[in-house]
>>> print(open('final19.cif').read())   # mmCIF, C-alpha atoms and all ligand atoms
data_work
loop_
_atom_site.label_atom_id
_atom_site.label_comp_id
_atom_site.auth_asym_id
_atom_site.auth_seq_id
_atom_site.Cartn_x
_atom_site.Cartn_y
_atom_site.Cartn_z
CA MET A 13 0.00 0.00 0.00
CA THR A 14 1.30 3.41 -0.98
CA ASP A 15 -0.18 6.88 -0.51
CA ASP A 16 -1.35 6.48 -4.06
CA CYS A 17 -3.18 3.30 -3.03
CA ASP A 18 -4.82 5.04 -0.05
CA HIS A 19 -6.09 7.72 -2.37
CA ASN A 20 -7.34 5.15 -4.86
CA ARG A 21 -9.11 3.14 -2.13
CA LEU A 22 -11.20 6.28 -1.56
CA LEU A 23 -11.90 6.41 -5.28
CA LEU A 24 -12.89 2.73 -5.17
CA GLN A 25 -15.40 3.51 -2.43
CA ALA A 26 -16.72 6.45 -4.46
CA GLU A 27 -17.07 4.18 -7.48
CA HIS A 28 -18.88 1.66 -5.29
CA ASP A 29 -21.25 4.40 -4.13
CA GLY A 30 -21.79 5.61 -7.69
CA GLU A 31 -20.20 8.96 -6.89
CA LEU A 32 -17.12 8.84 -9.06
CA ASN A 33 -16.69 11.77 -11.42
CA PRO A 34 -15.21 11.19 -14.89
CA ALA A 35 -11.77 12.59 -14.07
CA ASN A 36 -11.46 10.38 -11.00
CA ALA A 37 -12.80 7.39 -12.95
CA ALA A 38 -9.97 7.77 -15.44
CA GLU A 39 -7.45 8.15 -12.62
CA LEU A 40 -8.77 5.04 -10.85
CA ALA A 41 -8.77 3.01 -14.07
CA ALA A 42 -5.13 3.91 -14.64
CA HIS A 43 -4.20 2.93 -11.09
CA LEU A 44 -6.11 -0.37 -11.23
CA ALA A 45 -4.33 -1.30 -14.43
CA ALA A 46 -0.99 -0.87 -12.65
CA CYS A 47 -1.82 -2.04 -9.10
CA PRO A 48 -2.85 -5.68 -8.54
CA ALA A 49 -3.56 -5.01 -4.83
CA CYS A 50 -6.20 -2.36 -5.51
CA ALA A 51 -7.58 -4.39 -8.41
CA ALA A 52 -8.00 -7.32 -5.98
CA THR A 53 -9.74 -5.05 -3.45
CA ARG A 54 -12.14 -3.97 -6.14
CA LEU A 55 -12.98 -7.59 -6.92
CA GLU A 56 -13.52 -8.28 -3.21
CA MET A 57 -15.94 -5.36 -2.97
CA ALA A 58 -17.84 -6.65 -5.99
CA GLU A 59 -17.94 -10.15 -4.50
CA LEU A 60 -19.22 -8.80 -1.17
CA SER A 61 -22.01 -6.94 -2.95
CA ARG A 62 -22.86 -10.04 -4.93
CA ARG A 63 -23.05 -12.16 -1.76
CA LEU A 64 -25.13 -9.56 0.06
CA ARG A 65 -27.52 -9.60 -2.84
CA ALA A 66 -27.59 -13.39 -3.10
CA GLU A 67 -27.65 -14.41 0.56
CA VAL A 68 -29.28 -11.69 2.62
CA PRO A 69 -33.04 -11.10 2.36
CA TYR A 70 -32.58 -7.35 2.70
CA HIS A 71 -35.34 -6.62 0.27
CA HIS A 72 -37.95 -7.56 2.85
CA ALA A 73 -36.16 -6.33 5.98
CA PRO A 74 -36.67 -2.56 5.95
CA GLY A 75 -40.48 -2.70 6.00
CA ALA A 76 -40.68 -5.28 8.77
CA LEU A 77 -37.92 -3.60 10.78
CA HIS A 78 -39.56 -0.24 10.39
CA ALA A 79 -42.80 -1.59 11.84
CA ARG A 80 -40.95 -3.24 14.73
CA ILE A 81 -38.93 -0.14 15.51
CA ALA A 82 -42.05 1.99 15.48
CA ALA A 83 -43.80 -0.42 17.86
CA GLN A 84 -40.82 -0.62 20.19
CA LEU A 85 -40.30 3.12 20.20
CA ALA A 86 -43.96 3.60 21.07
CA ALA A 87 -43.62 1.12 23.94
CA THR A 88 -40.43 2.81 25.17
CA ASN A 89 -42.01 6.24 25.10
CA ARG A 90 -44.93 5.04 27.22
CA ALA A 91 -42.68 3.42 29.80
CA PRO A 92 -41.59 5.41 32.89
CA THR A 93 -38.07 6.76 32.83
CA THR A 94 -35.59 4.47 34.54
CA PRO A 95 -32.06 5.37 35.61
CA ARG A 96 -30.63 2.42 33.75
CA MET A 97 -32.25 1.24 30.59
CA PRO A 98 -32.87 -2.51 30.61
CA LEU A 99 -31.40 -4.40 27.70
CA HIS A 100 -34.69 -4.94 25.92
CA ARG A 101 -35.32 -1.18 25.93
CA GLN A 102 -32.06 -0.74 24.07
CA LEU A 103 -33.31 -2.96 21.29
CA PRO A 104 -34.84 -0.14 19.26
CA GLY A 105 -31.39 1.38 18.85
CA PHE A 106 -30.01 -1.98 17.81
CA ALA A 107 -32.87 -2.52 15.40
CA ALA A 108 -32.39 0.98 14.01
CA GLY A 109 -28.73 0.12 13.47
CA LEU A 110 -29.74 -3.01 11.60
CA ALA A 111 -32.20 -1.04 9.51
CA MET A 112 -29.47 1.44 8.66
CA ALA A 113 -27.13 -1.38 7.68
CA ALA A 114 -29.87 -2.79 5.49
CA ALA A 115 -30.44 0.61 3.90
CA VAL A 116 -26.71 1.02 3.27
CA ALA A 117 -26.59 -2.46 1.73
CA LEU A 118 -29.52 -1.58 -0.50
CA ALA A 119 -27.82 1.64 -1.54
CA ILE A 120 -24.58 -0.07 -2.57
CA LEU A 121 -26.14 -3.13 -4.18
CA PRO A 122 -27.17 -1.52 -7.47
CA MET A 123 -23.65 -0.36 -8.17
CA ARG A 124 -21.80 -3.54 -9.03
CA GLY A 125 -23.13 -5.87 -11.64
CA ALA A 126 -26.18 -3.66 -11.98
CA ASP A 127 -28.15 -3.74 -15.18
CA ILE A 128 -26.28 -1.71 -17.81
CA GLY A 129 -29.38 0.30 -18.68
CA ASP A 130 -29.71 1.36 -15.04
CA GLN A 131 -26.03 2.34 -14.99
CA VAL A 132 -26.46 4.33 -18.22
CA VAL A 133 -29.38 6.27 -16.75
CA GLY A 134 -27.46 6.74 -13.49
CA SER A 135 -24.47 8.20 -15.31
CA HIS A 136 -26.70 10.48 -17.38
CA ILE A 137 -28.49 11.77 -14.26
CA ARG A 138 -25.21 12.30 -12.38
CA ALA A 139 -23.78 14.31 -15.28
CA LEU A 140 -26.95 16.40 -15.49
CA GLN A 141 -27.03 17.02 -11.74
CA ALA A 142 -23.38 18.00 -11.67
CA ALA A 143 -24.01 20.20 -14.73
CA HIS A 144 -20.97 18.43 -16.11
CA LEU A 145 -22.08 16.89 -19.38
CA VAL A 146 -18.92 17.56 -21.35
CA ASP A 147 -15.20 17.32 -20.61
CA VAL A 148 -14.47 18.59 -24.11
CA ALA A 149 -16.95 21.15 -25.42
CA SER A 150 -16.97 21.24 -29.19
CA SER A 151 -19.42 20.86 -32.00
CA ASP A 152 -16.56 19.75 -34.23
CA GLN A 153 -16.31 15.96 -34.46
CA HIS A 154 -12.68 16.40 -35.58
CA GLN A 155 -11.89 17.93 -32.18
CA VAL A 156 -13.99 15.58 -30.07
CA LYS A 157 -12.70 12.35 -31.60
CA PRO A 158 -8.98 13.01 -31.00
CA TRP A 159 -9.76 14.17 -27.44
CA PHE A 160 -10.52 10.54 -26.54
CA ASP A 161 -7.11 9.40 -27.87
CA GLY A 162 -4.96 8.35 -24.94
CA ARG A 163 -7.92 8.48 -22.56
CA LEU A 164 -9.49 5.24 -23.84
CA ASP A 165 -8.09 2.06 -25.34
CA TYR A 166 -10.53 2.32 -28.25
CA ALA A 167 -11.62 5.03 -30.68
CA PRO A 168 -15.33 5.79 -30.50
CA PRO A 169 -16.92 6.94 -33.76
CA VAL A 170 -17.98 10.60 -33.51
CA ARG A 171 -20.57 12.14 -35.80
CA ASP A 172 -22.18 15.56 -35.85
CA LEU A 173 -25.89 15.76 -36.59
CA ALA A 174 -26.29 19.57 -36.48
CA ALA A 175 -27.75 19.63 -40.00
CA GLN A 176 -30.34 17.07 -38.91
CA GLY A 177 -31.32 19.01 -35.77
CA PHE A 178 -29.18 17.20 -33.18
CA PRO A 179 -26.03 19.30 -32.77
CA LEU A 180 -23.00 17.72 -31.12
CA GLU A 181 -22.04 19.54 -27.91
CA GLY A 182 -18.95 17.60 -26.97
CA GLY A 183 -17.71 14.49 -25.23
CA ARG A 184 -17.11 13.18 -21.76
CA LEU A 185 -15.21 10.34 -20.15
CA ASP A 186 -17.54 8.28 -17.98
CA TYR A 187 -17.38 4.99 -16.12
CA LEU A 188 -19.77 2.12 -16.85
CA ASP A 189 -19.76 -1.59 -16.18
CA GLY A 190 -16.36 -1.32 -14.51
CA ARG A 191 -14.57 0.47 -17.33
CA PRO A 192 -13.99 3.98 -18.67
CA VAL A 193 -16.26 4.72 -21.63
CA SER A 194 -16.92 7.58 -24.01
CA ALA A 195 -20.10 9.61 -23.83
CA LEU A 196 -21.01 11.88 -26.74
CA VAL A 197 -23.39 14.69 -25.87
CA TYR A 198 -26.00 15.96 -28.28
CA ARG A 199 -28.75 18.50 -27.85
CA ARG A 200 -32.30 18.81 -29.13
CA ALA A 201 -33.82 22.10 -27.99
CA ARG A 202 -33.43 21.96 -24.19
CA HIS A 203 -32.99 18.19 -24.05
CA ALA A 204 -29.56 16.62 -23.70
CA ILE A 205 -28.79 13.25 -25.22
CA ASP A 206 -25.94 11.08 -23.95
CA LEU A 207 -24.65 8.52 -26.41
CA PHE A 208 -22.42 6.00 -24.62
CA ILE A 209 -20.13 3.92 -26.82
CA TRP A 210 -17.76 1.11 -25.88
CA PRO A 211 -16.35 -2.05 -27.49
CA ALA A 212 -18.79 -4.95 -27.73
CA ALA A 213 -17.97 -8.24 -26.04
CA SER A 214 -19.18 -10.13 -29.10
CA HIS A 215 -19.33 -9.19 -32.75
CA ARG A 216 -23.05 -9.75 -32.99
CA GLU A 217 -24.93 -6.85 -34.56
CA ARG A 218 -28.05 -5.86 -32.67
CA ALA A 219 -30.84 -3.71 -34.03
CA PRO A 220 -31.89 -0.71 -31.93
CA ALA A 221 -34.20 -1.59 -29.04
CA GLY A 222 -35.88 0.95 -26.80
CA ARG A 223 -36.91 0.90 -23.17
CA VAL A 224 -37.81 3.28 -20.36
CA THR A 225 -35.88 3.41 -17.08
CA SER A 226 -36.58 5.86 -14.24
CA GLY A 227 -38.50 8.09 -16.63
CA TYR A 228 -35.69 8.28 -19.20
CA ASN A 229 -35.87 6.82 -22.67
CA LEU A 230 -33.08 4.50 -23.74
CA VAL A 231 -32.11 2.94 -27.04
CA ARG A 232 -29.36 0.37 -27.34
CA TRP A 233 -27.81 -1.26 -30.36
CA SER A 234 -24.58 -2.87 -31.55
CA GLU A 235 -22.76 -2.32 -34.80
CA GLY A 236 -19.19 -2.45 -36.04
CA ASP A 237 -17.75 -4.02 -32.83
CA MET A 238 -19.23 -1.28 -30.63
CA VAL A 239 -22.13 -1.14 -28.20
CA PHE A 240 -24.24 2.02 -28.22
CA TRP A 241 -26.63 3.32 -25.55
CA ALA A 242 -28.53 6.55 -26.15
CA VAL A 243 -30.33 8.08 -23.16
CA SER A 244 -32.41 11.23 -22.87
CA ASP A 245 -35.61 12.70 -21.50
CA LEU A 246 -36.60 13.27 -25.13
CA ALA A 247 -39.78 11.54 -26.26
CA GLN A 248 -39.09 7.99 -27.41
CA GLN A 249 -40.09 8.89 -30.97
CA GLU A 250 -37.52 11.70 -31.12
CA LEU A 251 -34.81 9.57 -29.58
CA ASP A 252 -35.57 6.85 -32.15
CA GLU A 253 -35.20 9.51 -34.83
CA PHE A 254 -31.84 10.55 -33.38
CA VAL A 255 -30.65 6.93 -33.45
CA ARG A 256 -31.87 6.44 -37.02
CA LEU A 257 -30.06 9.61 -38.16
CA TRP A 258 -26.92 8.76 -36.23
CA ARG A 259 -26.70 5.30 -37.77
CA SER A 260 -27.20 6.60 -41.30
CA ALA A 261 -24.74 9.53 -40.91
CA ARG A 262 -21.09 9.15 -41.82
ZN ZN B 1 -2.98 0.48 -5.34
#
>>> encode(input="final19.cif", output="C-alpha cells", more="lines below")
Ligand SMILES: [Zn+2]
Amino acid sequence: MTDDCDHNRLLLQAEHDGELNPANAAELAAHLAACPACAATRLEMAELSRRLRAEVPYHHAPGALHARIAAQLAATNRAPTTPRMPLHRQLPGFAAGLAMAAAVALAILPMRGADIGDQVVGSHIRALQAAHLVDVASSDQHQVKPWFDGRLDYAPPVRDLAAQGFPLEGGRLDYLDGRPVSALVYRRARHAIDLFIWPAASHRERAPAGRVTSGYNLVRWSEGDMVFWAVSDLAQQELDEFVRLWRSAR
C-alpha cells in the first residue's frame, strides 16, 4: 500500500457508491491497471455486494424492521423513565442500526453488476445534476474524436448531426460496467442526449431496441464491434429519430 493506493481506495469507495466523477474514474482506471492489490480489493468489494444480494433477504427487511422499531419506540415512550435502561429497551437502537445497515446495503447493491441500462441512466443523471455533461466542449467531431485518444483504449466513432437538428455539444469520459467509456453529448432544444459507446464483447450486430428506465428513454444497439446506448428525456419517438439519423450519418 502506498499513498497512491490510499487515495485510490477512496476512489474505489466512491465508485462503489456511484459517486465517481469522470476525471477520478480515469485516474482510478489507470491505477487499477498498474496495481494488482487495488484491483483485488475492487474484486472483493464486488464479491461482497454479490453475496449480500444473493444471501441476505434485505429486500424484505426494511419494511418489517420499520414496523418493529415503530412499535418498540412507542412502547419505550410510554414506559416510565428508569435510571438504567434494561437491555430490551435498548433494542430499538439496535434494530435501528440493523435497519441502517440494510439501507446502506440496498444503496450499494445496485452499483456492481447492476443492469447496464440502469447504470447508463445513473451516469446520465449524475452528469446532469453536476451540470458536467462535457469534458471537451466542441461541436466539431474532428476535435472531439482526438480528445478521446490516450484516454481510452478504443476510438469511438464521432458524428455531428447539427444539419439534422441534433447538434454535437462535446464528449465526456464516464465509467460504466467497470470500465472507462466515451459519452457523446448531443442536444435537441433543451434536451440533452448522452450517447455512450464502448467495445462490444461479441461481434453480434443488434438492431436498436428501446426501453424506459426511471423516466428516461433509452435505445441500445450494436454495430461495427461497438455497443451504443442513447439516453435522454426526449420523447421515445424523437430519440428513435436521433438513433436512425446517427446510424445513417457518416
Ligand atoms: Zn494500489
>>> residues_near_ligand(input="final19.cif", ligand="ligand ZN 1 (chain B)", cutoff="12 Å", atoms="only C-alpha atoms and all ligand atoms", output="short mmCIF file (atom, residue, chain, number, x, y, z; two decimals) with C-alpha atoms, keeping the file's coordinate frame")
data_model
loop_
_atom_site.label_atom_id
_atom_site.label_comp_id
_atom_site.auth_asym_id
_atom_site.auth_seq_id
_atom_site.Cartn_x
_atom_site.Cartn_y
_atom_site.Cartn_z
CA MET A 13 0.00 0.00 0.00
CA THR A 14 1.30 3.41 -0.98
CA ASP A 15 -0.18 6.88 -0.51
CA ASP A 16 -1.35 6.48 -4.06
CA CYS A 17 -3.18 3.30 -3.03
CA ASP A 18 -4.82 5.04 -0.05
CA HIS A 19 -6.09 7.72 -2.37
CA ASN A 20 -7.34 5.15 -4.86
CA ARG A 21 -9.11 3.14 -2.13
CA LEU A 22 -11.20 6.28 -1.56
CA LEU A 23 -11.90 6.41 -5.28
CA LEU A 24 -12.89 2.73 -5.17
CA GLU A 39 -7.45 8.15 -12.62
CA LEU A 40 -8.77 5.04 -10.85
CA ALA A 41 -8.77 3.01 -14.07
CA ALA A 42 -5.13 3.91 -14.64
CA HIS A 43 -4.20 2.93 -11.09
CA LEU A 44 -6.11 -0.37 -11.23
CA ALA A 45 -4.33 -1.30 -14.43
CA ALA A 46 -0.99 -0.87 -12.65
CA CYS A 47 -1.82 -2.04 -9.10
CA PRO A 48 -2.85 -5.68 -8.54
CA ALA A 49 -3.56 -5.01 -4.83
CA CYS A 50 -6.20 -2.36 -5.51
CA ALA A 51 -7.58 -4.39 -8.41
CA ALA A 52 -8.00 -7.32 -5.98
CA THR A 53 -9.74 -5.05 -3.45
CA ARG A 54 -12.14 -3.97 -6.14
#
>>> closest_residue(input="final19.cif", among="A:Val193, A:Ala261, A:Val224, A:Leu164", to="A:Gln248", atoms="all atoms listed in the file")
A:Val224
>>> atom_distance(input="final19.cif", atom1="atom CA of A:Leu173", atom2="atom CA of A:Val239")
19.2 Å
>>> residues_around(input="final19.cif", residues="A:Gly227", least_positions_apart="6", cutoff="12 Å", atoms="all atoms listed in the file", output="ChimeraX atom specification")
/A:130,133-134,137,243-248
>>> atom_distance(input="final19.cif", atom1="atom CA of A:Ser150", atom2="atom CA of A:Asp206")
14.5 Å
>>> atom_distance(input="final19.cif", atom1="atom CA of A:Val156", atom2="atom CA of A:Gly182")
6.2 Å
>>> residues_around(input="final19.cif", residues="A:Arg184", least_positions_apart="5", cutoff="12 Å", atoms="all atoms listed in the file", output="PDB file with C-alpha atoms, keeping the file's coordinate frame")
ATOM      1  CA  ASN A  33     -16.690  11.770 -11.420  1.00  0.00           C
ATOM      2  CA  PRO A  34     -15.210  11.190 -14.890  1.00  0.00           C
ATOM      3  CA  ALA A  35     -11.770  12.590 -14.070  1.00  0.00           C
ATOM      4  CA  ALA A  37     -12.800   7.390 -12.950  1.00  0.00           C
ATOM      5  CA  ALA A  38      -9.970   7.770 -15.440  1.00  0.00           C
ATOM      6  CA  SER A 135     -24.470   8.200 -15.310  1.00  0.00           C
ATOM      7  CA  HIS A 136     -26.700  10.480 -17.380  1.00  0.00           C
ATOM      8  CA  ALA A 139     -23.780  14.310 -15.280  1.00  0.00           C
ATOM      9  CA  HIS A 144     -20.970  18.430 -16.110  1.00  0.00           C
ATOM     10  CA  LEU A 145     -22.080  16.890 -19.380  1.00  0.00           C
ATOM     11  CA  VAL A 146     -18.920  17.560 -21.350  1.00  0.00           C
ATOM     12  CA  ASP A 147     -15.200  17.320 -20.610  1.00  0.00           C
ATOM     13  CA  VAL A 148     -14.470  18.590 -24.110  1.00  0.00           C
ATOM     14  CA  ALA A 149     -16.950  21.150 -25.420  1.00  0.00           C
ATOM     15  CA  SER A 150     -16.970  21.240 -29.190  1.00  0.00           C
ATOM     16  CA  VAL A 156     -13.990  15.580 -30.070  1.00  0.00           C
ATOM     17  CA  LYS A 157     -12.700  12.350 -31.600  1.00  0.00           C
ATOM     18  CA  TRP A 159      -9.760  14.170 -27.440  1.00  0.00           C
ATOM     19  CA  PHE A 160     -10.520  10.540 -26.540  1.00  0.00           C
ATOM     20  CA  ARG A 163      -7.920   8.480 -22.560  1.00  0.00           C
ATOM     21  CA  LEU A 164      -9.490   5.240 -23.840  1.00  0.00           C
ATOM     22  CA  PRO A 168     -15.330   5.790 -30.500  1.00  0.00           C
ATOM     23  CA  PRO A 192     -13.990   3.980 -18.670  1.00  0.00           C
ATOM     24  CA  VAL A 193     -16.260   4.720 -21.630  1.00  0.00           C
ATOM     25  CA  SER A 194     -16.920   7.580 -24.010  1.00  0.00           C
ATOM     26  CA  ALA A 195     -20.100   9.610 -23.830  1.00  0.00           C
ATOM     27  CA  LEU A 196     -21.010  11.880 -26.740  1.00  0.00           C
ATOM     28  CA  VAL A 197     -23.390  14.690 -25.870  1.00  0.00           C
ATOM     29  CA  TYR A 198     -26.000  15.960 -28.280  1.00  0.00           C
ATOM     30  CA  ASP A 206     -25.940  11.080 -23.950  1.00  0.00           C
ATOM     31  CA  LEU A 207     -24.650   8.520 -26.410  1.00  0.00           C
ATOM     32  CA  PHE A 208     -22.420   6.000 -24.620  1.00  0.00           C
ATOM     33  CA  ILE A 209     -20.130   3.920 -26.820  1.00  0.00           C
TER      34      ILE A 209
END
>>> axis_aligned_box(input="final19.cif", around="stretch 32-37 of chain A", padding_each_side="3 Å", output="JSON")
{"center_x": -14.3, "center_y": 10.0, "center_z": -12.0, "size_x": 11.7, "size_y": 11.2, "size_z": 11.8}
>>> closest_residue(input="final19.cif", among="A:Asn36, A:Arg259, A:Ser214, A:Asp29", to="A:Pro169", atoms="all atoms listed in the file")
A:Arg259
>>> decode(input="final19.cif", residues="stretch 44-65 of chain A", atoms="C-alpha atoms", output="CSV table (one decimal), in the first residue's frame")
chain,number,residue,atom,x,y,z
A,44,LEU,CA,-6.1,-0.4,-11.2
A,45,ALA,CA,-4.3,-1.3,-14.4
A,46,ALA,CA,-1.0,-0.9,-12.7
A,47,CYS,CA,-1.8,-2.0,-9.1
A,48,PRO,CA,-2.9,-5.7,-8.5
A,49,ALA,CA,-3.6,-5.0,-4.8
A,50,CYS,CA,-6.2,-2.4,-5.5
A,51,ALA,CA,-7.6,-4.4,-8.4
A,52,ALA,CA,-8.0,-7.3,-6.0
A,53,THR,CA,-9.7,-5.1,-3.4
A,54,ARG,CA,-12.1,-4.0,-6.1
A,55,LEU,CA,-13.0,-7.6,-6.9
A,56,GLU,CA,-13.5,-8.3,-3.2
A,57,MET,CA,-15.9,-5.4,-3.0
A,58,ALA,CA,-17.8,-6.6,-6.0
A,59,GLU,CA,-17.9,-10.2,-4.5
A,60,LEU,CA,-19.2,-8.8,-1.2
A,61,SER,CA,-22.0,-6.9,-3.0
A,62,ARG,CA,-22.9,-10.0,-4.9
A,63,ARG,CA,-23.1,-12.2,-1.8
A,64,LEU,CA,-25.1,-9.6,0.1
A,65,ARG,CA,-27.5,-9.6,-2.8
